[in-house]
$ cat data36.txt   # compact mmCIF, C-alpha atoms
# COMPACT_ATOMS: atom_id res chain seq x y z
CA MET O 1 -5.03 -20.13 23.68
CA LEU O 2 -8.55 -21.53 24.01
CA SER O 3 -10.22 -18.51 25.50
CA HIS O 4 -13.17 -16.67 23.99
CA PHE O 5 -11.73 -13.32 24.94
CA PHE O 6 -8.21 -14.03 23.70
CA LEU O 7 -9.48 -15.31 20.35
CA MET O 8 -11.78 -12.32 19.96
CA VAL O 9 -8.91 -9.92 20.67
CA LEU O 10 -6.58 -11.78 18.32
CA TYR O 11 -9.17 -11.79 15.54
CA SER O 12 -9.87 -8.08 16.03
CA LEU O 13 -6.16 -7.33 16.00
CA VAL O 14 -5.52 -9.19 12.75
CA VAL O 15 -8.54 -7.72 10.94
CA SER O 16 -7.84 -4.19 12.19
CA LEU O 17 -4.20 -4.34 11.11
CA PHE O 18 -5.22 -5.71 7.73
CA PHE O 19 -7.73 -3.00 6.89
CA THR O 20 -5.49 -0.28 8.28
CA ALA O 21 -2.65 -1.33 5.96
CA LEU O 22 -5.05 -1.77 3.07
CA TRP O 23 -6.89 1.54 3.29
CA LYS O 24 -4.58 4.16 4.81
CA ARG O 25 -1.08 5.40 3.99
CA GLU O 26 -0.46 8.22 6.47
CA ARG O 27 0.72 7.17 9.92
CA LYS O 28 -1.75 9.42 11.74
CA GLU O 29 -4.68 8.15 9.68
CA GLN O 30 -3.52 4.58 10.19
CA THR O 31 -3.40 4.97 13.96
CA LYS O 32 -6.86 6.52 14.02
CA LEU O 33 -8.44 3.85 11.82
CA PHE O 34 -6.70 1.02 13.68
CA LEU O 35 -7.99 2.23 17.03
CA GLN O 36 -11.49 2.74 15.65
CA LEU O 37 -11.62 -0.76 14.19
CA PHE O 38 -9.92 -2.57 17.05
CA LEU O 39 -11.76 -0.86 19.88
CA GLY O 40 -15.02 -1.04 17.91
CA MET O 41 -14.72 -4.78 17.43
CA VAL O 42 -13.59 -5.62 20.97
CA GLY O 43 -15.96 -3.12 22.57
CA GLY O 44 -18.82 -4.24 20.32
CA GLY O 45 -18.14 -7.87 21.22
CA LEU O 46 -18.18 -7.09 24.93
CA LEU O 47 -21.36 -5.04 24.54
CA VAL O 48 -23.16 -7.85 22.73
CA ALA O 49 -21.93 -10.33 25.37
CA TRP O 50 -23.26 -8.05 28.10
CA LEU O 51 -26.63 -7.71 26.35
CA MET O 52 -26.88 -11.49 26.04
CA TYR O 53 -25.99 -12.10 29.68
CA PRO O 54 -29.64 -12.47 30.83
CA PHE O 55 -30.34 -15.13 28.20
CA PRO O 56 -30.54 -18.72 29.41
CA GLN O 57 -27.22 -20.55 29.27
CA GLY O 58 -26.84 -23.70 27.22
CA PRO O 59 -24.74 -26.73 28.07
CA PRO O 60 -21.23 -26.09 29.39
CA SER O 61 -18.91 -24.74 26.71
CA PRO O 62 -15.75 -26.69 25.86
CA ILE O 63 -13.95 -23.33 25.79
CA PRO O 64 -13.67 -21.50 29.15
CA MET K 65 -16.02 31.70 -50.65
CA ALA K 66 -15.77 29.86 -47.38
CA GLU K 67 -16.05 31.83 -44.18
CA PRO K 68 -13.04 31.60 -41.91
CA LEU K 69 -13.72 29.52 -38.87
CA ASN K 70 -13.99 31.65 -35.80
CA ASP K 71 -15.19 28.96 -33.44
CA PRO K 72 -12.45 27.59 -31.24
CA GLN K 73 -11.62 23.98 -31.85
CA PRO K 74 -13.21 21.68 -29.26
CA GLN K 75 -10.67 20.67 -26.67
CA PRO K 76 -10.42 17.07 -25.55
CA ALA K 77 -11.79 16.48 -22.10
CA ALA K 78 -9.14 16.59 -19.42
CA VAL K 79 -8.12 13.15 -18.29
CA PRO K 80 -7.80 12.93 -14.51
CA ALA K 81 -4.29 12.06 -13.46
CA LEU K 82 -3.78 8.68 -11.88
CA PRO K 83 -2.69 8.78 -8.24
CA ALA K 84 0.35 6.65 -9.02
CA GLU K 85 2.37 5.26 -11.91
CA PRO K 86 1.18 1.94 -13.32
CA VAL K 87 3.49 -0.89 -12.26
CA GLY K 88 3.86 -4.13 -14.17
CA ASN K 89 1.13 -6.28 -15.63
CA PRO K 90 -2.16 -6.04 -13.70
CA PHE K 91 -3.24 -9.57 -14.62
CA LEU K 92 0.06 -11.04 -13.49
CA ALA K 93 -0.19 -9.02 -10.28
CA MET K 94 -3.63 -10.51 -9.63
CA VAL K 95 -2.53 -14.07 -10.30
CA LEU K 96 0.55 -13.74 -8.09
CA ALA K 97 -1.49 -12.09 -5.35
CA TRP K 98 -3.97 -14.94 -5.43
CA LEU K 99 -1.38 -17.72 -5.54
CA VAL K 100 0.66 -16.56 -2.57
CA PRO K 101 -0.74 -13.92 -0.20
CA GLY K 102 1.35 -10.76 -0.44
CA LEU K 103 3.27 -11.83 -3.56
CA GLY K 104 1.26 -9.47 -5.76
CA HIS K 105 2.38 -6.57 -3.61
CA PHE K 106 5.99 -7.66 -3.91
CA TYR K 107 5.51 -7.72 -7.69
CA VAL K 108 4.14 -4.16 -7.75
CA ARG K 109 7.05 -2.98 -5.56
CA ARG K 110 5.19 -2.68 -2.29
CA ALA K 111 7.38 -5.14 -0.41
CA ALA K 112 6.76 -3.88 3.11
CA ARG K 113 3.01 -4.03 2.68
CA GLY K 114 3.28 -7.42 1.00
CA ALA K 115 5.30 -8.79 3.92
CA LEU K 116 2.75 -7.48 6.41
CA PHE K 117 -0.16 -9.00 4.47
CA LEU K 118 1.66 -12.29 4.14
CA GLY K 119 2.24 -12.34 7.88
CA LEU K 120 -1.39 -11.55 8.68
CA VAL K 121 -2.74 -14.24 6.39
CA ILE K 122 -0.27 -16.78 7.79
CA VAL K 123 -1.37 -15.92 11.35
CA CYS K 124 -4.99 -16.49 10.33
CA LEU K 125 -4.13 -19.80 8.67
CA TRP K 126 -2.01 -20.99 11.57
CA VAL K 127 -4.61 -20.13 14.20
CA GLY K 128 -7.43 -21.57 12.08
CA CYS K 129 -5.60 -24.86 11.57
CA SER K 130 -4.50 -25.02 15.21
CA LEU K 131 -8.14 -24.74 16.24
CA GLN K 132 -9.11 -27.44 13.73
CA GLY K 133 -11.47 -25.12 11.86
CA ASN K 134 -13.37 -26.11 8.75
CA LEU K 135 -11.69 -25.58 5.39
CA TYR K 136 -14.83 -25.28 3.31
CA GLN K 137 -15.61 -27.49 0.35
CA PRO K 138 -18.89 -27.78 -1.58
CA LEU K 139 -21.38 -30.18 -0.03
CA ALA K 140 -24.36 -31.70 -1.80
CA GLY K 141 -27.64 -30.07 -0.83
CA GLN K 142 -25.91 -27.13 0.88
CA PRO K 143 -25.53 -24.38 -1.74
CA LEU K 144 -24.08 -21.90 0.75
CA THR K 145 -21.00 -24.09 1.06
CA ILE K 146 -20.21 -23.19 -2.58
CA LEU K 147 -20.07 -19.54 -1.57
CA ALA K 148 -17.96 -20.33 1.50
CA THR K 149 -15.63 -22.48 -0.58
CA GLY K 150 -15.15 -19.59 -3.00
CA GLY K 151 -14.25 -17.40 -0.04
CA ALA K 152 -11.81 -19.90 1.45
CA MET K 153 -10.19 -20.56 -1.93
CA GLY K 154 -9.20 -16.90 -1.96
CA MET K 155 -6.13 -17.91 0.05
CA GLY K 156 -4.75 -19.46 -3.16
CA LEU K 157 -2.08 -22.16 -2.99
CA PRO K 158 -2.38 -22.69 0.78
CA TYR K 159 -5.96 -23.92 0.29
CA PHE K 160 -4.90 -26.63 -2.11
CA VAL K 161 -1.79 -27.54 -0.13
CA LEU K 162 -3.82 -27.88 3.06
CA ARG K 163 -6.62 -29.84 1.47
CA TYR K 164 -4.87 -32.08 -1.02
CA ALA K 165 -1.20 -32.28 0.02
CA LEU K 166 -1.64 -32.31 3.78
CA GLY K 167 -5.11 -33.84 3.87
CA TYR K 168 -6.37 -31.19 6.28
CA ALA K 169 -10.08 -31.53 7.05
CA GLY K 170 -10.66 -29.87 10.42
CA ASP K 171 -12.43 -31.44 13.36
CA VAL K 172 -16.12 -30.71 13.72
CA VAL K 173 -16.16 -31.76 17.38
CA GLY K 174 -13.02 -29.80 18.24
CA ALA K 175 -13.39 -27.16 20.95
CA GLY K 176 -12.24 -24.36 18.68
CA TYR K 177 -13.94 -25.51 15.50
CA GLU K 178 -16.14 -22.43 14.99
CA TYR K 179 -13.37 -19.99 15.79
CA GLY K 180 -10.96 -21.86 13.55
CA THR K 181 -13.47 -21.78 10.71
CA ALA K 182 -13.81 -18.02 11.10
CA PHE K 183 -10.04 -17.57 10.95
CA LEU K 184 -9.64 -19.79 7.88
CA LEU K 185 -12.48 -18.13 6.01
CA THR K 186 -11.13 -14.72 6.93
CA ALA K 187 -7.71 -15.66 5.51
CA GLY K 188 -9.35 -16.44 2.16
CA LEU K 189 -11.50 -13.32 2.11
CA MET K 190 -8.59 -11.08 3.06
CA ASN K 191 -6.57 -12.45 0.18
CA TRP K 192 -9.40 -11.74 -2.28
CA LEU K 193 -9.15 -8.11 -1.19
CA LEU K 194 -5.37 -8.25 -1.68
CA VAL K 195 -5.91 -9.49 -5.22
CA LEU K 196 -8.05 -6.44 -5.98
CA ASP K 197 -5.56 -4.16 -4.24
CA ALA K 198 -2.67 -5.51 -6.32
CA TRP K 199 -4.77 -4.97 -9.46
CA ASP K 200 -5.46 -1.34 -8.53
CA ILE K 201 -1.81 -0.63 -7.70
CA ALA K 202 -0.59 -2.25 -10.93
CA ARG K 203 -2.98 -0.08 -12.96
CA GLY K 204 -1.90 3.06 -11.13
CA LYS K 205 -5.34 3.63 -9.62
CA LYS K 206 -4.00 3.41 -6.10
CA GLU K 207 -0.74 4.40 -4.47
$ encode --input "data36.txt" --output "structure tokens"
Amino acid sequence: MLSHFFLMVLYSLVVSLFFTALWKRERKEQTKLFLQLFLGMVGGGLLVAWLMYPFPQGPPSPIP
Amino acid sequence: MAEPLNDPQPQPAAVPALPAEPVGNPFLAMVLAWLVPGLGHFYVRRAARGALFLGLVIVCLWVGCSLQGNLYQPLAGQPLTILATGGAMGMGLPYFVLRYALGYAGDVVGAGYEYGTAFLLTAGLMNWLLVLDAWDIARGKKE
């Protein structure tokens, strides 16, 4: 369970499901919004991680 | 002799129809929604949505506590913790049960402390939104 990627995906999943159920009622709209939110969060996280790759690394992280 | 009135009587402005019928007492819906995540939606007859929201908040709480995240409380000299506490308290009864009945405090040196804090704070903030949603549904302003 202690994995940066797993926790990021889990967090994105929970938040995306929440806002989809809160904002949309039609199944088609729900699917579209869910995918936009989920892929946006996971993809955005990976993009930011990639942009930060050249930065100097700190001490070893307790999470792999 | 008075002239007959030819002007048409002013008509009252049309009131826009609400998207749904009001359901129950909005204040009670808000209180129930705050106390137990999802309960406000059960009260306004949106049981399926209420069950989903309850499940999502419980997942956030469970993961946050498993990772030993911080359950915010106000700290002297750190005014932002007041804001964060207000956010975390949005989860309602679970906040007080965790803090005062179970003595939960988190573990600042735990490996998942930051992630856990994010999950716990998100649980509270999500429930604040559910409180507003239950209010809107109870007033008939939302389906």
$ interface_residues --input "data36.txt" --of "chain O" --to "chain K" --cutoff "10 Å" --atoms "all atoms listed in the file" --output "compact mmCIF listing (two decimals) with C-alpha atoms, in the coordinates of the input"
# COMPACT_ATOMS: atom_id res chain seq x y z
CA MET O 1 -5.03 -20.13 23.68
CA LEU O 2 -8.55 -21.53 24.01
CA SER O 3 -10.22 -18.51 25.50
CA HIS O 4 -13.17 -16.67 23.99
CA LEU O 7 -9.48 -15.31 20.35
CA MET O 8 -11.78 -12.32 19.96
CA LEU O 10 -6.58 -11.78 18.32
CA TYR O 11 -9.17 -11.79 15.54
CA LEU O 13 -6.16 -7.33 16.00
CA VAL O 14 -5.52 -9.19 12.75
CA VAL O 15 -8.54 -7.72 10.94
CA LEU O 17 -4.20 -4.34 11.11
CA PHE O 18 -5.22 -5.71 7.73
CA PHE O 19 -7.73 -3.00 6.89
CA ALA O 21 -2.65 -1.33 5.96
CA LEU O 22 -5.05 -1.77 3.07
CA TRP O 23 -6.89 1.54 3.29
CA ARG O 25 -1.08 5.40 3.99
CA SER O 61 -18.91 -24.74 26.71
CA PRO O 62 -15.75 -26.69 25.86
CA ILE O 63 -13.95 -23.33 25.79
CA PRO O 64 -13.67 -21.50 29.15
$ atom_distance --input "data36.txt" --atom1 "CA of Val87 (chain K)" --atom2 "CA of Asp200 (chain K)"
9.7 Å
$ atom_distance --input "data36.txt" --atom1 "CA of Gln30 (chain O)" --atom2 "CA of Ala111 (chain K)"
18.0 Å
$ axis_aligned_box --input "data36.txt" --around "region 36-41 of chain O" --padding-each-side "3 Å" --output "AutoDock Vina command-line options"
--center_x -12.5 --center_y -1.0 --center_z 17.0 --size_x 11.1 --size_y 13.5 --size_z 11.7
$ atom_distance --input "data36.txt" --atom1 "CA of Pro101 (chain K)" --atom2 "CA of Glu85 (chain K)"
22.7 Å
$ closest_residue --input "data36.txt" --among "K:Leu135, K:Val195, K:Leu125, K:Ala169" --to "Tyr107 (chain K)" --atoms "only C-alpha atoms"
K:Val195
$ closest_residue --input "data36.txt" --among "K:Trp98, K:Trp199, K:Trp126, K:Tyr168" --to "Met153 (chain K)" --atoms "all atoms listed in the file"
K:Trp98
$ residues_around --input "data36.txt" --residues "Thr149 (chain K)" --least-positions-apart "6" --cutoff "9 Å" --atoms "all atoms listed in the file" --output "list in words"
Leu135, Tyr136, Gln137, Pro138 and Leu185 of chain K
$ residues_around --input "data36.txt" --residues "Leu35 (chain O)" --least-positions-apart "2" --cutoff "12 Å" --atoms "all atoms listed in the file" --output "PyMOL selection string"
chain O and resi 12-13+15-17+19-20+28-33+37-43
$ closest_residue --input "data36.txt" --among "O:Gly58, O:Gly45, O:Met52, O:Lys24" --to "Val9 (chain O)" --atoms "all atoms listed in the file"
O:Gly45
$ closest_residue --input "data36.txt" --among "K:Gln142, K:Gln132, K:Asn89, K:Asn191" --to "Leu162 (chain K)" --atoms "only C-alpha atoms"
K:Gln132
